[in-house]
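Student: I'm passing along model_34.pdb; it holds PDB, C-alpha atoms.
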```pdb
MODEL        1
ATOM      1  CA  MET A  22      18.655-129.503   7.438
ATOM      2  CA  ASN A  23      20.064-127.958  10.593
ATOM      3  CA  GLN A  24      18.546-125.071  12.539
ATOM      4  CA  GLU A  25      20.540-122.387  10.720
ATOM      5  CA  GLU A  26      19.600-123.697   7.268
ATOM      6  CA  LEU A  27      15.955-123.911   8.329
ATOM      7  CA  ASP A  28      16.011-120.309   9.584
ATOM      8  CA  ASN A  29      17.481-119.186   6.269
ATOM      9  CA  ARG A  30      14.835-121.028   4.268
ATOM     10  CA  LEU A  31      12.073-119.552   6.466
ATOM     11  CA  GLU A  32      13.246-116.097   5.396
ATOM     12  CA  GLU A  33      11.842-116.850   1.917
ATOM     13  CA  VAL A  34       8.266-116.851   3.179
ATOM     14  CA  THR A  35       8.347-113.756   5.393
ATOM     15  CA  GLY A  36       6.708-111.697   2.648
ATOM     16  CA  ARG A  37       3.449-113.599   3.237
ATOM     17  CA  LEU A  38       3.555-113.149   7.018
ATOM     18  CA  ILE A  39       2.465-110.418   9.408
ATOM     19  CA  GLY A  40       5.043-111.385  11.984
ATOM     20  CA  VAL A  41       7.418-114.007  13.326
ATOM     21  CA  GLU A  42       7.610-114.964  16.990
ATOM     22  CA  ARG A  43      10.311-117.078  18.514
ATOM     23  CA  THR A  44       9.755-118.377  22.038
ATOM     24  CA  GLN A  45      12.739-120.723  21.987
ATOM     25  CA  GLU A  46      15.616-121.552  19.665
ATOM     26  CA  ASN A  47      13.589-124.411  18.169
ATOM     27  CA  ARG A  48      10.048-123.013  18.483
ATOM     28  CA  VAL A  49       8.986-120.609  15.717
ATOM     29  CA  TYR A  50       5.561-119.057  15.131
ATOM     30  CA  LEU A  51       4.731-117.679  11.701
ATOM     31  CA  LEU A  52       1.791-115.265  11.993
ATOM     32  CA  CYS A  53      -0.325-114.822   8.891
ATOM     33  CA  GLU A  54      -3.740-113.715   7.722
ATOM     34  CA  SER A  55      -6.272-116.403   6.855
ATOM     35  CA  GLU A  56      -5.948-116.023   3.059
ATOM     36  CA  ASP A  57      -2.212-116.826   3.146
ATOM     37  CA  VAL A  58      -2.379-119.978   5.240
ATOM     38  CA  TYR A  59      -2.494-122.440   2.341
ATOM     39  CA  ASP A  60       0.544-120.983   0.595
ATOM     40  CA  VAL A  61       2.595-120.805   3.784
ATOM     41  CA  CYS A  62       1.700-124.399   4.667
ATOM     42  CA  ARG A  63       2.470-125.531   1.105
ATOM     43  CA  PHE A  64       5.886-123.898   1.344
ATOM     44  CA  LEU A  65       6.660-125.637   4.657
ATOM     45  CA  PHE A  66       5.301-129.014   3.554
ATOM     46  CA  SER A  67       6.311-129.250  -0.102
ATOM     47  CA  GLU A  68       9.426-127.106  -0.278
ATOM     48  CA  LEU A  69      10.981-127.545   3.167
ATOM     49  CA  LYS A  70       9.612-131.102   3.554
ATOM     50  CA  LEU A  71       8.474-130.471   7.125
ATOM     51  CA  ARG A  72       6.142-132.980   8.764
ATOM     52  CA  PHE A  73       2.575-131.896   9.599
ATOM     53  CA  VAL A  74       1.938-132.722  13.252
ATOM     54  CA  ILE A  75      -1.496-131.399  14.175
ATOM     55  CA  ALA A  76      -3.624-128.285  14.029
ATOM     56  CA  THR A  77      -5.135-126.365  16.934
ATOM     57  CA  GLY A  78      -8.156-124.091  17.007
ATOM     58  CA  VAL A  79      -8.405-121.338  19.605
ATOM     59  CA  ASP A  80     -11.213-118.889  20.326
ATOM     60  CA  ALA A  81      -9.284-115.699  21.117
ATOM     61  CA  GLU A  82     -12.420-113.569  21.758
ATOM     62  CA  HIS A  83     -11.818-110.965  19.016
ATOM     63  CA  CYS A  84     -10.911-113.598  16.401
ATOM     64  CA  PHE A  85     -10.237-117.272  15.946
ATOM     65  CA  GLU A  86      -6.716-118.590  15.707
ATOM     66  CA  VAL A  87      -5.918-121.761  13.794
ATOM     67  CA  LEU A  88      -2.431-123.077  14.397
ATOM     68  CA  HIS A  89      -0.883-125.595  12.021
ATOM     69  CA  HIS A  90       2.105-127.237  13.644
ATOM     70  CA  PHE A  91       4.941-128.519  11.500
ATOM     71  CA  THR A  92       8.192-130.040  12.606
ATOM     72  CA  ASP A  93      11.563-130.717  11.096
ATOM     73  CA  ASP A  94      12.570-134.030  12.589
ATOM     74  CA  GLU A  95      16.247-133.604  11.709
ATOM     75  CA  CYS A  96      16.839-130.528  13.866
ATOM     76  CA  GLY A  97      13.799-130.931  16.132
ATOM     77  CA  CYS A  98      12.465-127.482  15.347
ATOM     78  CA  MET A  99       8.713-126.930  15.506
ATOM     79  CA  VAL A 100       7.289-124.320  13.149
ATOM     80  CA  THR A 101       3.732-123.201  13.809
ATOM     81  CA  VAL A 102       1.666-121.303  11.265
ATOM     82  CA  LYS A 103      -0.740-119.166  13.267
ATOM     83  CA  ALA A 104      -3.587-117.946  11.071
ATOM     84  CA  PHE A 105      -6.012-115.292  12.309
ATOM     85  CA  VAL A 106      -9.633-115.765  11.241
ATOM     86  CA  ARG A 107     -11.049-112.323  11.945
ATOM     87  CA  ASP A 108     -14.645-112.735  10.752
ATOM     88  CA  ARG A 109     -16.462-114.149  13.791
ATOM     89  CA  GLU A 110     -19.850-114.301  12.035
ATOM     90  CA  ASN A 111     -18.701-116.429   9.080
ATOM     91  CA  PRO A 112     -15.291-117.813  10.017
ATOM     92  CA  GLU A 113     -13.628-119.343   6.976
ATOM     93  CA  LEU A 114     -10.178-120.677   6.318
ATOM     94  CA  ASP A 115      -8.624-122.501   3.374
ATOM     95  CA  SER A 116      -8.364-126.206   4.052
ATOM     96  CA  ILE A 117      -4.935-127.797   3.761
ATOM     97  CA  THR A 118      -6.448-131.283   3.338
ATOM     98  CA  PRO A 119      -6.074-131.215  -0.494
ATOM     99  CA  LEU A 120      -2.351-130.796   0.167
ATOM    100  CA  ILE A 121      -2.002-132.905   3.327
ATOM    101  CA  PRO A 122      -4.634-135.683   3.613
ATOM    102  CA  GLY A 123      -3.641-136.247   7.238
ATOM    103  CA  ALA A 124      -5.230-132.924   8.157
ATOM    104  CA  GLU A 125      -8.741-134.097   7.249
ATOM    105  CA  TRP A 126      -9.920-135.234  10.661
ATOM    106  CA  ILE A 127      -8.434-132.407  12.730
ATOM    107  CA  GLU A 128     -10.087-129.876  10.412
ATOM    108  CA  ARG A 129     -13.404-131.700  10.774
ATOM    109  CA  GLU A 130     -12.931-131.624  14.550
ATOM    110  CA  ILE A 131     -12.153-127.894  14.587
ATOM    111  CA  HIS A 132     -15.218-127.342  12.397
ATOM    112  CA  ASP A 133     -17.347-129.321  14.881
ATOM    113  CA  ILE A 134     -16.341-127.506  18.029
ATOM    114  CA  LEU A 135     -15.412-124.002  16.838
ATOM    115  CA  GLY A 136     -17.501-123.724  13.665
ATOM    116  CA  ILE A 137     -14.708-122.678  11.347
ATOM    117  CA  ALA A 138     -15.662-123.583   7.756
ATOM    118  CA  PHE A 139     -12.669-125.033   5.927
ATOM    119  CA  THR A 140     -13.123-124.160   2.262
ATOM    120  CA  HIS A 141     -12.132-126.808  -0.310
ATOM    121  CA  HIS A 142     -12.262-129.503   2.380
ATOM    122  CA  PRO A 143     -13.387-132.715   0.616
ATOM    123  CA  ASN A 144     -15.621-134.014   3.404
ATOM    124  CA  LEU A 145     -16.530-131.513   6.116
ATOM    125  CA  GLN A 146     -18.923-133.835   7.962
ATOM    126  CA  ARG A 147     -19.534-133.997  11.701
ATOM    127  CA  LEU A 148     -16.850-136.038  13.424
ATOM    128  CA  ILE A 149     -16.859-135.900  17.217
ATOM    129  CA  LEU A 150     -20.133-134.349  18.354
ATOM    130  CA  ASP A 151     -23.065-136.660  18.971
ATOM    131  CA  ASP A 152     -25.616-137.247  16.227
ATOM    132  CA  ASP A 153     -28.432-135.148  17.747
ATOM    133  CA  TRP A 154     -26.245-132.171  18.671
ATOM    134  CA  PRO A 155     -28.031-129.003  17.430
ATOM    135  CA  GLU A 156     -26.727-127.413  14.237
ATOM    136  CA  GLY A 157     -24.942-124.112  14.634
ATOM    137  CA  VAL A 158     -23.951-124.581  18.292
ATOM    138  CA  TYR A 159     -20.191-124.757  18.682
ATOM    139  CA  PRO A 160     -19.364-125.896  22.215
ATOM    140  CA  LEU A 161     -15.863-124.462  22.608
ATOM    141  CA  ARG A 162     -16.778-120.937  21.557
ATOM    142  CA  LYS A 163     -16.557-118.396  24.351
ATOM    143  CA  GLU A 164     -20.217-117.369  24.114
ATOM    144  CA  VAL A 165     -21.335-120.989  24.518
ATOM    145  CA  GLN A 166     -18.888-121.641  27.351
ATOM    146  CA  ARG A 167     -20.274-118.763  29.416
TER     147      ARG A 167
ATOM    148  CA  MET B  25     -33.827-166.965  47.010
ATOM    149  CA  ASN B  26     -35.523-167.714  43.742
ATOM    150  CA  TRP B  27     -33.704-169.637  41.052
ATOM    151  CA  LYS B  28     -33.108-166.561  38.932
ATOM    152  CA  MET B  29     -31.208-164.850  41.745
ATOM    153  CA  TRP B  30     -29.352-168.062  42.533
ATOM    154  CA  SER B  31     -28.229-168.419  38.941
ATOM    155  CA  LEU B  32     -27.210-164.758  38.811
ATOM    156  CA  LYS B  33     -25.022-165.060  41.888
ATOM    157  CA  LYS B  34     -23.613-168.494  41.093
ATOM    158  CA  SER B  35     -21.615-167.365  38.087
ATOM    159  CA  VAL B  36     -21.746-163.765  36.918
ATOM    160  CA  TRP B  37     -21.240-163.326  33.212
ATOM    161  CA  VAL B  38     -20.286-159.780  32.436
ATOM    162  CA  PHE B  39     -20.509-157.583  29.386
ATOM    163  CA  HIS B  40     -18.160-154.637  29.217
ATOM    164  CA  VAL B  41     -19.578-151.275  28.041
ATOM    165  CA  ASN B  42     -17.361-148.250  27.472
ATOM    166  CA  THR B  43     -19.380-145.020  27.550
ATOM    167  CA  GLY B  44     -16.521-142.648  26.853
ATOM    168  CA  ALA B  45     -13.813-143.829  29.221
ATOM    169  CA  CYS B  46     -10.173-142.914  28.754
ATOM    170  CA  ASN B  47      -9.330-146.648  28.599
ATOM    171  CA  ASN B  48      -7.623-146.704  31.982
ATOM    172  CA  CYS B  49     -10.509-148.472  33.752
ATOM    173  CA  ASP B  50     -10.796-150.768  30.741
ATOM    174  CA  ILE B  51      -7.156-151.774  31.096
ATOM    175  CA  GLU B  52      -7.745-152.573  34.771
ATOM    176  CA  ILE B  53     -10.755-154.680  33.768
ATOM    177  CA  VAL B  54      -8.563-156.589  31.312
ATOM    178  CA  ASN B  55      -6.117-157.029  34.176
ATOM    179  CA  LEU B  56      -8.979-158.499  36.198
ATOM    180  CA  LEU B  57      -9.802-161.082  33.568
ATOM    181  CA  THR B  58      -6.285-162.142  32.662
ATOM    182  CA  PRO B  59      -4.177-164.656  34.645
ATOM    183  CA  LYS B  60      -2.873-162.340  37.387
ATOM    184  CA  PHE B  61      -6.280-161.882  39.030
ATOM    185  CA  ASP B  62      -8.163-164.424  36.921
ATOM    186  CA  VAL B  63     -11.717-163.800  38.093
ATOM    187  CA  GLU B  64     -12.918-166.671  35.944
ATOM    188  CA  ARG B  65     -11.995-168.912  38.895
ATOM    189  CA  PHE B  66     -14.932-167.228  40.700
ATOM    190  CA  GLY B  67     -17.207-167.846  37.716
ATOM    191  CA  ILE B  68     -16.969-164.249  36.485
ATOM    192  CA  LYS B  69     -16.651-164.482  32.728
ATOM    193  CA  LEU B  70     -16.537-161.893  30.000
ATOM    194  CA  VAL B  71     -19.099-162.527  27.268
ATOM    195  CA  GLY B  72     -19.508-161.014  23.854
ATOM    196  CA  SER B  73     -23.199-160.147  23.941
ATOM    197  CA  PRO B  74     -25.421-158.420  26.517
ATOM    198  CA  ARG B  75     -28.017-161.152  25.894
ATOM    199  CA  HIS B  76     -25.664-163.652  27.535
ATOM    200  CA  ALA B  77     -24.717-161.335  30.383
ATOM    201  CA  ASP B  78     -25.815-161.082  34.030
ATOM    202  CA  ALA B  79     -23.936-157.869  34.683
ATOM    203  CA  LEU B  80     -22.766-154.813  32.802
ATOM    204  CA  LEU B  81     -19.336-153.422  33.594
ATOM    205  CA  VAL B  82     -19.767-149.774  32.611
ATOM    206  CA  THR B  83     -16.767-147.447  32.360
ATOM    207  CA  GLY B  84     -16.745-143.813  31.263
ATOM    208  CA  ALA B  85     -18.709-140.720  32.125
ATOM    209  CA  GLY B  86     -21.674-141.437  29.844
ATOM    210  CA  THR B  87     -21.358-139.238  26.776
ATOM    211  CA  ARG B  88     -24.412-138.040  24.872
ATOM    212  CA  GLN B  89     -23.496-140.291  21.965
ATOM    213  CA  ALA B  90     -23.022-143.345  24.205
ATOM    214  CA  ALA B  91     -26.087-142.794  26.441
ATOM    215  CA  VAL B  92     -28.684-144.185  24.012
ATOM    216  CA  ARG B  93     -26.368-147.105  23.202
ATOM    217  CA  LEU B  94     -25.979-147.887  26.900
ATOM    218  CA  GLN B  95     -29.760-147.808  27.341
ATOM    219  CA  GLU B  96     -30.183-150.181  24.389
ATOM    220  CA  VAL B  97     -27.539-152.543  25.806
ATOM    221  CA  TYR B  98     -29.314-152.433  29.195
ATOM    222  CA  ARG B  99     -32.649-153.296  27.564
ATOM    223  CA  GLN B 100     -31.073-156.290  25.846
ATOM    224  CA  THR B 101     -29.390-157.629  28.985
ATOM    225  CA  SER B 102     -31.251-160.543  30.531
ATOM    226  CA  LYS B 103     -32.894-159.572  33.817
ATOM    227  CA  PRO B 104     -32.200-159.585  36.719
ATOM    228  CA  CYS B 105     -28.902-157.885  36.020
ATOM    229  CA  VAL B 106     -26.443-155.778  37.959
ATOM    230  CA  VAL B 107     -24.875-152.611  36.555
ATOM    231  CA  PHE B 108     -21.362-151.999  37.849
ATOM    232  CA  CYS B 109     -20.200-148.396  37.507
ATOM    233  CA  MET B 110     -16.439-148.824  37.302
ATOM    234  CA  GLY B 111     -14.338-145.779  38.099
ATOM    235  CA  ALA B 112     -14.856-142.177  39.121
ATOM    236  CA  CYS B 113     -16.323-141.113  35.767
ATOM    237  CA  ALA B 114     -19.001-143.791  35.693
ATOM    238  CA  CYS B 115     -19.901-143.197  39.364
ATOM    239  CA  GLY B 116     -20.286-139.433  39.162
ATOM    240  CA  MET B 117     -18.886-138.091  35.867
ATOM    241  CA  GLY B 118     -15.543-137.240  37.529
ATOM    242  CA  ILE B 119     -13.724-134.338  35.917
ATOM    243  CA  PHE B 120     -16.239-134.250  33.057
ATOM    244  CA  GLU B 121     -19.130-133.001  35.183
ATOM    245  CA  GLY B 122     -20.808-130.078  33.443
ATOM    246  CA  ALA B 123     -19.035-130.650  30.131
ATOM    247  CA  TYR B 124     -21.001-130.147  26.933
ATOM    248  CA  HIS B 125     -20.739-133.721  25.708
ATOM    249  CA  ILE B 126     -21.921-135.495  28.869
ATOM    250  CA  ALA B 127     -25.374-136.995  29.447
ATOM    251  CA  GLY B 128     -24.373-139.017  32.533
ATOM    252  CA  PRO B 129     -23.746-140.143  35.140
ATOM    253  CA  VAL B 130     -24.232-143.776  34.219
ATOM    254  CA  ASP B 131     -26.737-144.520  36.996
ATOM    255  CA  LYS B 132     -29.012-141.716  35.781
ATOM    256  CA  ILE B 133     -28.856-142.990  32.193
ATOM    257  CA  VAL B 134     -29.708-146.547  33.255
ATOM    258  CA  LYS B 135     -32.503-145.413  35.596
ATOM    259  CA  GLU B 136     -34.210-143.645  32.687
ATOM    260  CA  VAL B 137     -34.842-147.145  31.310
ATOM    261  CA  ASP B 138     -35.395-149.024  34.552
ATOM    262  CA  PRO B 139     -35.927-147.022  37.774
ATOM    263  CA  ASN B 140     -35.380-150.198  39.830
ATOM    264  CA  ALA B 141     -32.058-151.147  38.252
ATOM    265  CA  ILE B 142     -29.519-152.729  40.588
ATOM    266  CA  ILE B 143     -26.462-150.457  40.448
ATOM    267  CA  ALA B 144     -23.131-150.952  42.202
ATOM    268  CA  TYR B 145     -20.419-148.317  42.358
ATOM    269  CA  VAL B 146     -16.669-148.898  42.370
ATOM    270  CA  PRO B 147     -14.933-145.516  42.581
ATOM    271  CA  GLY B 148     -11.298-144.865  41.799
ATOM    272  CA  CYS B 149      -9.284-143.491  38.923
ATOM    273  CA  PRO B 150      -8.848-146.242  37.957
ATOM    274  CA  PRO B 151     -10.146-148.593  40.676
ATOM    275  CA  LYS B 152      -7.690-151.314  41.605
ATOM    276  CA  PRO B 153      -8.598-154.798  40.418
ATOM    277  CA  GLU B 154      -8.855-155.796  44.088
ATOM    278  CA  ALA B 155     -11.423-153.001  44.574
ATOM    279  CA  MET B 156     -13.397-154.270  41.587
ATOM    280  CA  ILE B 157     -13.457-157.830  42.971
ATOM    281  CA  SER B 158     -14.489-156.437  46.356
ATOM    282  CA  GLY B 159     -17.247-154.396  44.698
ATOM    283  CA  VAL B 160     -18.606-157.448  42.888
ATOM    284  CA  VAL B 161     -18.557-159.518  46.080
ATOM    285  CA  LYS B 162     -20.330-156.792  48.084
ATOM    286  CA  ALA B 163     -22.933-156.214  45.378
ATOM    287  CA  LEU B 164     -23.741-159.914  45.099
ATOM    288  CA  ALA B 165     -23.955-160.219  48.891
ATOM    289  CA  ALA B 166     -26.389-157.292  49.015
ATOM    290  CA  ILE B 167     -28.939-158.535  46.466
TER     291      ILE B 167
ENDMDL
END
```
Please rewrite the model in this file as structure tokens.

Tutor:
Amino acid sequence: MNQEELDNRLEEVTGRLIGVERTQENRVYLLCESEDVYDVCRFLFSELKLRFVIATGVDAEHCFEVLHHFTDDECGCMVTVKAFVRDRENPELDSITPLIPGAEWIEREIHDILGIAFTHHPNLQRLILDDDWPEGVYPLRKEVQR
Amino acid sequence: MNWKMWSLKKSVWVFHVNTGACNNCDIEIVNLLTPKFDVERFGIKLVGSPRHADALLVTGAGTRQAAVRLQEVYRQTSKPCVVFCMGACACGMGIFEGAYHIAGPVDKIVKEVDPNAIIAYVPGCPPKPEAMISGVVKALAAI
């Protein structure tokens, strides 16, 4: 799949998105609400056969952003699904681990340090924080950092 | 010099402890032990258990998870022993100072177990193998 074909296929999913940003020719951000993230990721992974690279969690003050990065290794294009988790009190997002087992650890890590609960995750145990770290304290949240 | 000190300085057997290092200091320590620098010719030998060791080579800033393990390893090391803090992180936490996951520095963690612990510092990011050899020589000359 070349860049043009990929762009055409990405058109199919725009109905689920709240916006598309393009910072470079081969760097696309698909902005979506948290309830659509699983379907958008399933489309990229299962239909377009993109490779899941990694996920990123960001505390953006008014909401959390979870970015799932996918890449098409044929054309070198990176497609990022940016999901906004707007409920700061009980942040929840659908896990993509049932679809992509490789996402298990990064979702556990994001849960550890930002406190985002990934629903339908098979094993949301503590991964990187030490064993006696207090429950409910998420070190990379802005209020803890201050 | 009593016989314990003599036997410590004659041939230092070291046990390597990583308390959250990025692996760069660890690679330099491997460099120290392999044929290029070959510290075994000075009697410095890597051993697999702290119970056989005279010295601990500690790398890393001392994470909260590793701190209790380091203290347990220190308790098991036969005394007298020397603790070598290898690298900027082990000496003074380096860039990780003030981070949420750090319990260090290493000297503070060790001194919680034994306030009179013999601690030597080799700064650098990572320290050169020559600096590590120099640090060992200076530490052994000082005790």

Student: Rounded to one decimal place, report the atom CA of Thr35 of chain A-atom CA of Glu125 of chain A distance in Å.

Tutor: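 Between these atoms lies a distance of 26.6 Å.
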
Student: Show me, as a list in words, the residues of chain B whose atoms get within 7 Å of chain A, using all atoms listed in the file for the distance check.

Tutor: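 So the residues of chain B near chain A are Arg88, Gln89 and Tyr124 of chain B.
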
Student: Figure out the distance between atom CA of Gly78 of chain A and atom CA of Asn23 of chain A, please, to one decimal in Å.

Tutor: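 Computing it gives 29.2 Å between the two atoms.
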
Student: From the options A:Tyr59, A:Phe73, A:Phe139, A:Trp126, which residue's atoms come nearest to Met99 of chain A, counting all atoms listed in the file?

Tutor: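 When distances to Met99 of chain A are compared using all atoms listed in the file, the smallest one comes from A:Phe73.
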
Student: Near Arg37 of chain A, within 9 Å and counting only C-alpha atoms, which residues show up once chain neighbours fewer than 2 positions away are dropped, as a PyMOL selection string?

Tutor: chain A and resi 34-35+39+53-54+57-58+60-61

Student: Env of Gly157 of chain A: 10 Å cut, atoms = all atoms listed in the file, seq-sep filter 6 positions within chain, self excluded. Answer as a PDB file with C-alpha atoms, in the coordinates of the input.

Tutor:
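Written file, part.pdb:
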```pdb
ATOM      1  CA  ASP A 133     -17.347-129.321  14.881  1.00  0.00           C
ATOM      2  CA  ILE A 134     -16.341-127.506  18.029  1.00  0.00           C
ATOM      3  CA  LEU A 135     -15.412-124.002  16.838  1.00  0.00           C
ATOM      4  CA  GLY A 136     -17.501-123.724  13.665  1.00  0.00           C
TER       5      GLY A 136
END
```

Student: Give me, as a list in words, all polymer residues having an atom no more than 10 Å from Ala45 of chain B, counting only C-alpha atoms and skipping those fewer than 5 positions away in the same chain.

Tutor: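 Using only C-alpha atoms, the neighbours found are Asp50, Val82, Thr83, Gly84, Ala85, Gly86, Thr87, Met110, Gly111, Cys113 and Ala114 of chain B.
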
Student: Kindly save the residues from that selection, with C-alpha atoms included, as a PDB file, in the frame of the given file.

Tutor:
```
ATOM      1  CA  ASP B  50     -10.796-150.768  30.741  1.00  0.00           C
ATOM      2  CA  VAL B  82     -19.767-149.774  32.611  1.00  0.00           C
ATOM      3  CA  THR B  83     -16.767-147.447  32.360  1.00  0.00           C
ATOM      4  CA  GLY B  84     -16.745-143.813  31.263  1.00  0.00           C
ATOM      5  CA  ALA B  85     -18.709-140.720  32.125  1.00  0.00           C
ATOM      6  CA  GLY B  86     -21.674-141.437  29.844  1.00  0.00           C
ATOM      7  CA  THR B  87     -21.358-139.238  26.776  1.00  0.00           C
ATOM      8  CA  MET B 110     -16.439-148.824  37.302  1.00  0.00           C
ATOM      9  CA  GLY B 111     -14.338-145.779  38.099  1.00  0.00           C
ATOM     10  CA  CYS B 113     -16.323-141.113  35.767  1.00  0.00           C
ATOM     11  CA  ALA B 114     -19.001-143.791  35.693  1.00  0.00           C
TER      12      ALA B 114
END
```

Student: One number please: atom CA of Ala138 of chain A to atom CA of Arg109 of chain A, in Å, one decimal.

Tutor: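 Separating atom CA of Ala138 of chain A from atom CA of Arg109 of chain A is a distance of 11.2 Å.
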
Student: What do you get, as a PyMOL selection string, if you spell out every residue that the PyMOL selection byres ((chain B and resi 117) around 12) selects here?

Tutor: chain B and resi 43-45+83-87+109-116+118-123+125-133+147-149

Student: I would like the residues chosen by the PyMOL selection byres ((chain A and resi 83) around 9) on the shown file; could you give them as a list in words?

Tutor: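 Applied to this file, the PyMOL selection byres ((chain A and resi 83) around 9) selects Asp80, Ala81, Glu82, Cys84, Phe85, Arg107, Asp108 and Arg109 of chain A.
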
Student: For Ser35 of chain B, please output as JSON, numbers by chain all residues within 8 Å (counting only C-alpha atoms; exclusion window: fewer than 5 positions along the same chain).

Tutor: {"B": [66, 67, 68, 69]}

Student: List the spatial neighbours of Val38 of chain B as a list in words - criterion: any atom at most 10 Å away, all atoms listed in the file, same-chain residues fewer than 3 positions off excluded.

Tutor: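 Non-adjacent residues within range: Ser35, Val41, Ile68, Lys69, Leu70, Val71, Gly72, Ser73, Pro74, His76, Ala77, Asp78, Ala79, Leu80, Leu81, Thr101, Cys105, Val106, Val107 and Phe108 of chain B.
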
Student: Next, the residues of the selection above should be written as a tab-separated table (two decimals), in the coordinates of the input with C-alpha atoms.

Tutor:
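For reference, selection-v2.tsv as written:
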```tsv
chain	number	residue	atom	x	y	z
B	35	SER	CA	-21.62	-167.36	38.09
B	41	VAL	CA	-19.58	-151.28	28.04
B	68	ILE	CA	-16.97	-164.25	36.48
B	69	LYS	CA	-16.65	-164.48	32.73
B	70	LEU	CA	-16.54	-161.89	30.00
B	71	VAL	CA	-19.10	-162.53	27.27
B	72	GLY	CA	-19.51	-161.01	23.85
B	73	SER	CA	-23.20	-160.15	23.94
B	74	PRO	CA	-25.42	-158.42	26.52
B	76	HIS	CA	-25.66	-163.65	27.54
B	77	ALA	CA	-24.72	-161.34	30.38
B	78	ASP	CA	-25.82	-161.08	34.03
B	79	ALA	CA	-23.94	-157.87	34.68
B	80	LEU	CA	-22.77	-154.81	32.80
B	81	LEU	CA	-19.34	-153.42	33.59
B	101	THR	CA	-29.39	-157.63	28.98
B	105	CYS	CA	-28.90	-157.88	36.02
B	106	VAL	CA	-26.44	-155.78	37.96
B	107	VAL	CA	-24.88	-152.61	36.56
B	108	PHE	CA	-21.36	-152.00	37.85
```

Student: Exactly which residues make up the result of the PyMOL selection byres ((chain A and resi 42-51) around 12) on this file, given as a PyMOL selection string?

Tutor: chain A and resi 23-25+27-28+31-32+34-41+52-54+57-58+61-62+65+87-105

Student: Kindly provide, as a count of residues only, the polymer residues lying within 12 Å of (12.3, -127.2, -0.3), counting all atoms listed in the file and using the coordinates exactly as they appear in the file.

Tutor: 18

Student: For a cut-off of 12 Å around (-31.5, -157.9, 38.8), file coordinates, pick out all residues using all atoms listed in the file and list them as a PyMOL selection string.

Tutor: chain B and resi 26+28-33+36+77-80+98+101-108+138-144+163-164+166-167

Student: Output C-alpha atoms for every residue in the selection just made, as a short mmCIF file (atom, residue, chain, number, x, y, z; two decimals), keeping the file's coordinate frame.

Tutor:
```cif
data_model
loop_
_atom_site.label_atom_id
_atom_site.label_comp_id
_atom_site.auth_asym_id
_atom_site.auth_seq_id
_atom_site.Cartn_x
_atom_site.Cartn_y
_atom_site.Cartn_z
CA ASN B 26 -35.52 -167.71 43.74
CA LYS B 28 -33.11 -166.56 38.93
CA MET B 29 -31.21 -164.85 41.74
CA TRP B 30 -29.35 -168.06 42.53
CA SER B 31 -28.23 -168.42 38.94
CA LEU B 32 -27.21 -164.76 38.81
CA LYS B 33 -25.02 -165.06 41.89
CA VAL B 36 -21.75 -163.76 36.92
CA ALA B 77 -24.72 -161.34 30.38
CA ASP B 78 -25.82 -161.08 34.03
CA ALA B 79 -23.94 -157.87 34.68
CA LEU B 80 -22.77 -154.81 32.80
CA TYR B 98 -29.31 -152.43 29.20
CA THR B 101 -29.39 -157.63 28.98
CA SER B 102 -31.25 -160.54 30.53
CA LYS B 103 -32.89 -159.57 33.82
CA PRO B 104 -32.20 -159.58 36.72
CA CYS B 105 -28.90 -157.88 36.02
CA VAL B 106 -26.44 -155.78 37.96
CA VAL B 107 -24.88 -152.61 36.56
CA PHE B 108 -21.36 -152.00 37.85
CA ASP B 138 -35.40 -149.02 34.55
CA PRO B 139 -35.93 -147.02 37.77
CA ASN B 140 -35.38 -150.20 39.83
CA ALA B 141 -32.06 -151.15 38.25
CA ILE B 142 -29.52 -152.73 40.59
CA ILE B 143 -26.46 -150.46 40.45
CA ALA B 144 -23.13 -150.95 42.20
CA ALA B 163 -22.93 -156.21 45.38
CA LEU B 164 -23.74 -159.91 45.10
CA ALA B 166 -26.39 -157.29 49.02
CA ILE B 167 -28.94 -158.54 46.47
#
```
